[in-house]
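Asks: Dropping in start.pdb, with PDB, C-alpha atoms.
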ATOM      1  CA  MET A  41       0.000   0.000   0.000  1.00  0.00           C
ATOM      2  CA  LYS A  42       1.278   3.447  -0.897  1.00  0.00           C
ATOM      3  CA  ILE A  43       2.063   6.126   1.670  1.00  0.00           C
ATOM      4  CA  LYS A  44      -0.904   8.296   0.625  1.00  0.00           C
ATOM      5  CA  GLN A  45      -3.275   5.333   0.929  1.00  0.00           C
ATOM      6  CA  THR A  46      -1.850   4.432   4.330  1.00  0.00           C
ATOM      7  CA  MET A  47      -2.236   8.004   5.541  1.00  0.00           C
ATOM      8  CA  ILE A  48      -5.874   8.133   4.398  1.00  0.00           C
ATOM      9  CA  LEU A  49      -6.611   4.864   6.201  1.00  0.00           C
ATOM     10  CA  LEU A  50      -4.883   6.040   9.384  1.00  0.00           C
ATOM     11  CA  LEU A  51      -6.641   9.409   9.198  1.00  0.00           C
ATOM     12  CA  HIS A  52      -9.987   7.599   9.258  1.00  0.00           C
ATOM     13  CA  ALA A  53      -8.807   5.552  12.245  1.00  0.00           C
ATOM     14  CA  PHE A  54      -7.641   8.715  14.004  1.00  0.00           C
ATOM     15  CA  ILE A  55     -10.963  10.467  13.441  1.00  0.00           C
ATOM     16  CA  GLY A  56     -12.749   7.432  14.891  1.00  0.00           C
ATOM     17  CA  TRP A  57     -10.479   7.466  17.918  1.00  0.00           C
ATOM     18  CA  ALA A  58     -11.109  11.212  18.304  1.00  0.00           C
ATOM     19  CA  ILE A  59     -14.871  10.601  18.266  1.00  0.00           C
ATOM     20  CA  CYS A  60     -14.447   8.031  21.037  1.00  0.00           C
ATOM     21  CA  THR A  61     -12.224  10.356  23.051  1.00  0.00           C
ATOM     22  CA  ALA A  62     -14.553  13.326  22.644  1.00  0.00           C
ATOM     23  CA  THR A  63     -17.460  11.164  23.765  1.00  0.00           C
ATOM     24  CA  MET A  64     -15.610  10.195  26.942  1.00  0.00           C
ATOM     25  CA  VAL A  65     -14.371  13.720  27.711  1.00  0.00           C
ATOM     26  CA  ILE A  66     -17.768  15.332  27.176  1.00  0.00           C
ATOM     27  CA  GLY A  67     -19.587  12.452  28.849  1.00  0.00           C
ATOM     28  CA  MET A  68     -17.469  12.630  31.987  1.00  0.00           C
ATOM     29  CA  ALA A  69     -18.013  16.399  32.138  1.00  0.00           C
ATOM     30  CA  VAL A  70     -21.801  16.213  31.986  1.00  0.00           C
ATOM     31  CA  THR A  71     -22.769  12.886  33.551  1.00  0.00           C
ATOM     32  CA  THR A  72     -21.493   9.944  35.573  1.00  0.00           C
ATOM     33  CA  ILE A  73     -18.580   7.793  34.461  1.00  0.00           C
ATOM     34  CA  GLU A  74     -20.973   4.854  33.994  1.00  0.00           C
ATOM     35  CA  ASN A  75     -23.204   6.867  31.655  1.00  0.00           C
ATOM     36  CA  ALA A  76     -20.153   8.187  29.801  1.00  0.00           C
ATOM     37  CA  LEU A  77     -18.903   4.625  29.268  1.00  0.00           C
ATOM     38  CA  ILE A  78     -22.294   3.534  27.937  1.00  0.00           C
ATOM     39  CA  MET A  79     -22.411   6.512  25.558  1.00  0.00           C
ATOM     40  CA  HIS A  80     -18.847   5.706  24.466  1.00  0.00           C
ATOM     41  CA  ALA A  81     -19.766   2.076  23.762  1.00  0.00           C
ATOM     42  CA  ILE A  82     -22.625   3.256  21.526  1.00  0.00           C
ATOM     43  CA  ILE A  83     -21.297   6.406  19.869  1.00  0.00           C
ATOM     44  CA  GLY A  84     -17.780   5.065  19.182  1.00  0.00           C
ATOM     45  CA  PRO A  85     -18.851   2.117  17.020  1.00  0.00           C
ATOM     46  CA  PHE A  86     -21.542   4.254  15.349  1.00  0.00           C
ATOM     47  CA  GLY A  87     -18.828   6.776  14.450  1.00  0.00           C
ATOM     48  CA  PHE A  88     -16.739   3.975  12.976  1.00  0.00           C
ATOM     49  CA  ILE A  89     -19.735   2.826  10.914  1.00  0.00           C
ATOM     50  CA  ILE A  90     -19.995   6.300   9.380  1.00  0.00           C
ATOM     51  CA  LEU A  91     -16.234   6.467   8.817  1.00  0.00           C
ATOM     52  CA  SER A  92     -16.251   2.978   7.301  1.00  0.00           C
ATOM     53  CA  ILE A  93     -19.032   3.926   4.891  1.00  0.00           C
ATOM     54  CA  ILE A  94     -17.030   6.953   3.786  1.00  0.00           C
ATOM     55  CA  TYR A  95     -13.781   4.968   3.570  1.00  0.00           C
ATOM     56  CA  PHE A  96     -15.183   2.008   1.636  1.00  0.00           C
ATOM     57  CA  LYS A  97     -17.241   4.125  -0.771  1.00  0.00           C
ATOM     58  CA  LYS A  98     -14.569   6.715  -1.541  1.00  0.00           C
ATOM     59  CA  PHE A  99     -11.222   4.955  -1.048  1.00  0.00           C
ATOM     60  CA  ASN A 100     -11.581   1.195  -0.444  1.00  0.00           C
ATOM     61  CA  TYR A 101      -7.839   0.499  -0.366  1.00  0.00           C
ATOM     62  CA  THR A 102      -8.104  -2.450   2.013  1.00  0.00           C
ATOM     63  CA  ALA A 103     -10.412  -5.412   2.518  1.00  0.00           C
ATOM     64  CA  PRO A 104     -13.041  -5.208   5.286  1.00  0.00           C
ATOM     65  CA  LEU A 105     -11.102  -7.555   7.588  1.00  0.00           C
ATOM     66  CA  HIS A 106      -7.841  -5.653   7.156  1.00  0.00           C
ATOM     67  CA  THR A 107      -9.585  -2.328   7.664  1.00  0.00           C
ATOM     68  CA  ALA A 108     -11.277  -3.536  10.846  1.00  0.00           C
ATOM     69  CA  ILE A 109      -7.955  -4.844  12.193  1.00  0.00           C
ATOM     70  CA  ILE A 110      -6.176  -1.574  11.365  1.00  0.00           C
ATOM     71  CA  PHE A 111      -8.926   0.613  12.860  1.00  0.00           C
ATOM     72  CA  VAL A 112      -9.158  -1.300  16.133  1.00  0.00           C
ATOM     73  CA  SER A 113      -5.375  -1.709  16.368  1.00  0.00           C
ATOM     74  CA  PHE A 114      -4.928   2.041  15.962  1.00  0.00           C
ATOM     75  CA  VAL A 115      -7.451   2.707  18.732  1.00  0.00           C
ATOM     76  CA  ILE A 116      -5.846   0.140  21.052  1.00  0.00           C
ATOM     77  CA  LEU A 117      -2.327   1.447  20.455  1.00  0.00           C
ATOM     78  CA  VAL A 118      -3.252   5.108  20.976  1.00  0.00           C
ATOM     79  CA  ASP A 119      -5.298   4.224  24.058  1.00  0.00           C
ATOM     80  CA  PHE A 120      -2.384   2.222  25.441  1.00  0.00           C
ATOM     81  CA  PHE A 121       0.531   4.530  24.677  1.00  0.00           C
ATOM     82  CA  LEU A 122      -1.121   7.945  24.902  1.00  0.00           C
ATOM     83  CA  VAL A 123      -4.160   7.634  27.154  1.00  0.00           C
ATOM     84  CA  ALA A 124      -3.066   4.914  29.579  1.00  0.00           C
ATOM     85  CA  LEU A 125       0.693   5.440  29.826  1.00  0.00           C
ATOM     86  CA  ILE A 126       1.035   9.202  29.316  1.00  0.00           C
ATOM     87  CA  ILE A 127      -2.269  10.797  30.322  1.00  0.00           C
ATOM     88  CA  ASN A 128      -3.611   8.412  32.997  1.00  0.00           C
ATOM     89  CA  ARG A 129      -0.234   6.955  33.996  1.00  0.00           C
ATOM     90  CA  SER A 130      -2.090   3.734  34.695  1.00  0.00           C
ATOM     91  CA  LEU A 131      -3.278   0.655  32.828  1.00  0.00           C
ATOM     92  CA  GLU A 132      -6.433   0.518  34.946  1.00  0.00           C
ATOM     93  CA  MET A 133      -8.644   1.488  31.995  1.00  0.00           C
ATOM     94  CA  PHE A 134      -7.890  -1.910  30.446  1.00  0.00           C
ATOM     95  CA  THR A 135      -9.493  -3.688  33.403  1.00  0.00           C
ATOM     96  CA  ASN A 136     -12.901  -2.234  32.522  1.00  0.00           C
ATOM     97  CA  LEU A 137     -14.889  -4.284  29.995  1.00  0.00           C
ATOM     98  CA  LEU A 138     -17.339  -1.481  29.223  1.00  0.00           C
ATOM     99  CA  GLY A 139     -14.566   1.099  28.997  1.00  0.00           C
ATOM    100  CA  THR A 140     -12.239  -0.712  26.615  1.00  0.00           C
ATOM    101  CA  TRP A 141     -12.844  -4.280  25.544  1.00  0.00           C
ATOM    102  CA  ILE A 142     -16.517  -4.002  24.569  1.00  0.00           C
ATOM    103  CA  PRO A 143     -15.916  -0.829  22.517  1.00  0.00           C
ATOM    104  CA  PHE A 144     -12.857  -2.443  20.891  1.00  0.00           C
ATOM    105  CA  ALA A 145     -14.940  -5.467  19.887  1.00  0.00           C
ATOM    106  CA  LEU A 146     -17.777  -3.256  18.645  1.00  0.00           C
ATOM    107  CA  ILE A 147     -15.401  -1.048  16.633  1.00  0.00           C
ATOM    108  CA  PHE A 148     -13.918  -4.118  14.962  1.00  0.00           C
ATOM    109  CA  THR A 149     -17.310  -5.699  14.289  1.00  0.00           C
ATOM    110  CA  SER A 150     -18.992  -2.533  13.040  1.00  0.00           C
ATOM    111  CA  THR A 151     -16.121  -1.753  10.673  1.00  0.00           C
ATOM    112  CA  TYR A 152     -15.926  -5.307   9.354  1.00  0.00           C
ATOM    113  CA  ILE A 153     -19.674  -5.709   8.795  1.00  0.00           C
ATOM    114  CA  THR A 154     -19.974  -2.269   7.187  1.00  0.00           C
ATOM    115  CA  GLY A 155     -17.156  -3.177   4.804  1.00  0.00           C
ATOM    116  CA  LEU A 156     -18.783  -6.483   3.909  1.00  0.00           C
ATOM    117  CA  ILE A 157     -22.140  -4.827   3.220  1.00  0.00           C
ATOM    118  CA  ILE A 158     -20.612  -2.117   1.030  1.00  0.00           C
ATOM    119  CA  LYS A 159     -18.441  -4.638  -0.855  1.00  0.00           C
ATOM    120  CA  LYS A 160     -21.555  -6.698  -1.701  1.00  0.00           C
ATOM    121  CA  ARG A 161     -23.299  -3.698  -3.291  1.00  0.00           C
TER     122      ARG A 161
END
Can the structure in the file be given as structure tokens, please?
Replies:
Amino acid sequence: MKIKQTMILLLHAFIGWAICTATMVIGMAVTTIENALIMHAIIGPFGFIILSIIYFKKFNYTAPLHTAIIFVSFVILVDFFLVALIINRSLEMFTNLLGTWIPFALIFTSTYITGLIIKKR
């Protein structure tokens, strides 16, 4: 894959991660942590569905499985290195199913299924 194609793919992943982060930051400012986590688990994957539709319709450089792996890997890596290690200075966020593992699974699944649906059309 060319550098420009890689950058476009990673830009989509970054925007998805930013949607998730904004959801958590705003959610924690206006409601309880539990409600923020629930909103994050819903809005994050929905954001990735929209991004996946845009990516697969306009660019479509990678297969649905590869795209889903790249998107969720990007989110996991940024959450680990930036959020957990630098910002929180703790890996505690990875002990929370609703805070990390469920959204990771939903991001992967929503991206993969969206890609499959668009590829069929």
Asks: Mind checking which residues fall within 9 Å of region 127-138 of chain A, counting all atoms listed in the file, ignoring those fewer than 2 positions away in the same chain, and posting them as JSON, numbers by chain?
Replies: {"A": [74, 77, 78, 80, 81, 120, 121, 122, 123, 124, 125, 140, 141, 142, 143]}
Asks: What are the nearest atom pairs, with distances in Å to one decimal, for all residues of region 56-151 of chain A that come at most 9 Å from region 41-50 of chain A, using only C-alpha atoms, set out by chain and rising residue number as CSV?
Replies:
residue,atom,partner,partner_atom,distance
A:Tyr95,CA,A:Leu49,CA,7.6
A:Phe99,CA,A:Gln45,CA,8.2
A:Tyr101,CA,A:Gln45,CA,6.8
A:Thr102,CA,A:Leu49,CA,8.6
A:Thr107,CA,A:Leu49,CA,7.9
A:Ile110,CA,A:Leu50,CA,8.0
A:Phe111,CA,A:Leu50,CA,7.6
A:Phe114,CA,A:Leu50,CA,7.7
Asks: Write a file of the just-selected residues containing C-alpha atoms, as a compact mmCIF listing (two decimals), in the frame of the given file.
Replies:
# COMPACT_ATOMS: atom_id res chain seq x y z
CA TYR A 95 -13.78 4.97 3.57
CA PHE A 99 -11.22 4.96 -1.05
CA TYR A 101 -7.84 0.50 -0.37
CA THR A 102 -8.10 -2.45 2.01
CA THR A 107 -9.59 -2.33 7.66
CA ILE A 110 -6.18 -1.57 11.36
CA PHE A 111 -8.93 0.61 12.86
CA PHE A 114 -4.93 2.04 15.96
Asks: Which value, in Å to one decimal, gives the distance between CA of Tyr152 (chain A) and CA of Ile82 (chain A)?
Replies: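 Answer for the CA of Tyr152 (chain A) to CA of Ile82 (chain A) separation: 16.3 Å.
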Asks: Neighbours of Asn75 (chain A) within 12 Å (all atoms listed in the file; same-chain residues fewer than 3 positions away dropped), as a compact mmCIF listing (two decimals) with C-alpha atoms, keeping the file's coordinate frame?
Replies:
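This went into out21.txt:
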# COMPACT_ATOMS: atom_id res chain seq x y z
CA THR A 63 -17.46 11.16 23.76
CA MET A 64 -15.61 10.20 26.94
CA VAL A 65 -14.37 13.72 27.71
CA ILE A 66 -17.77 15.33 27.18
CA GLY A 67 -19.59 12.45 28.85
CA MET A 68 -17.47 12.63 31.99
CA ALA A 69 -18.01 16.40 32.14
CA VAL A 70 -21.80 16.21 31.99
CA THR A 71 -22.77 12.89 33.55
CA THR A 72 -21.49 9.94 35.57
CA ILE A 78 -22.29 3.53 27.94
CA MET A 79 -22.41 6.51 25.56
CA HIS A 80 -18.85 5.71 24.47
CA ALA A 81 -19.77 2.08 23.76
CA ILE A 82 -22.62 3.26 21.53
CA ILE A 83 -21.30 6.41 19.87
CA LEU A 138 -17.34 -1.48 29.22
CA GLY A 139 -14.57 1.10 29.00
Asks: Could you tell me which of A:Ala58, A:Ile126, A:Ala76, A:Leu156 comes closest to Ala108 (chain A) if we count all atoms listed in the file?
Replies: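 Answer, going by the shortest atom-to-atom distance: A:Leu156.
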Asks: For a quick check of understanding, using only C-alpha atoms, which of A:Ile89, A:Phe96, A:Ile55, A:Leu117 has the smallest distance to Ile158 (chain A)?
Replies: A:Phe96
Asks: CA of Ser113 (chain A) to CA of Asn100 (chain A): how many Å, to one decimal?
Replies: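 Interatomic distance here is 18.2 Å.
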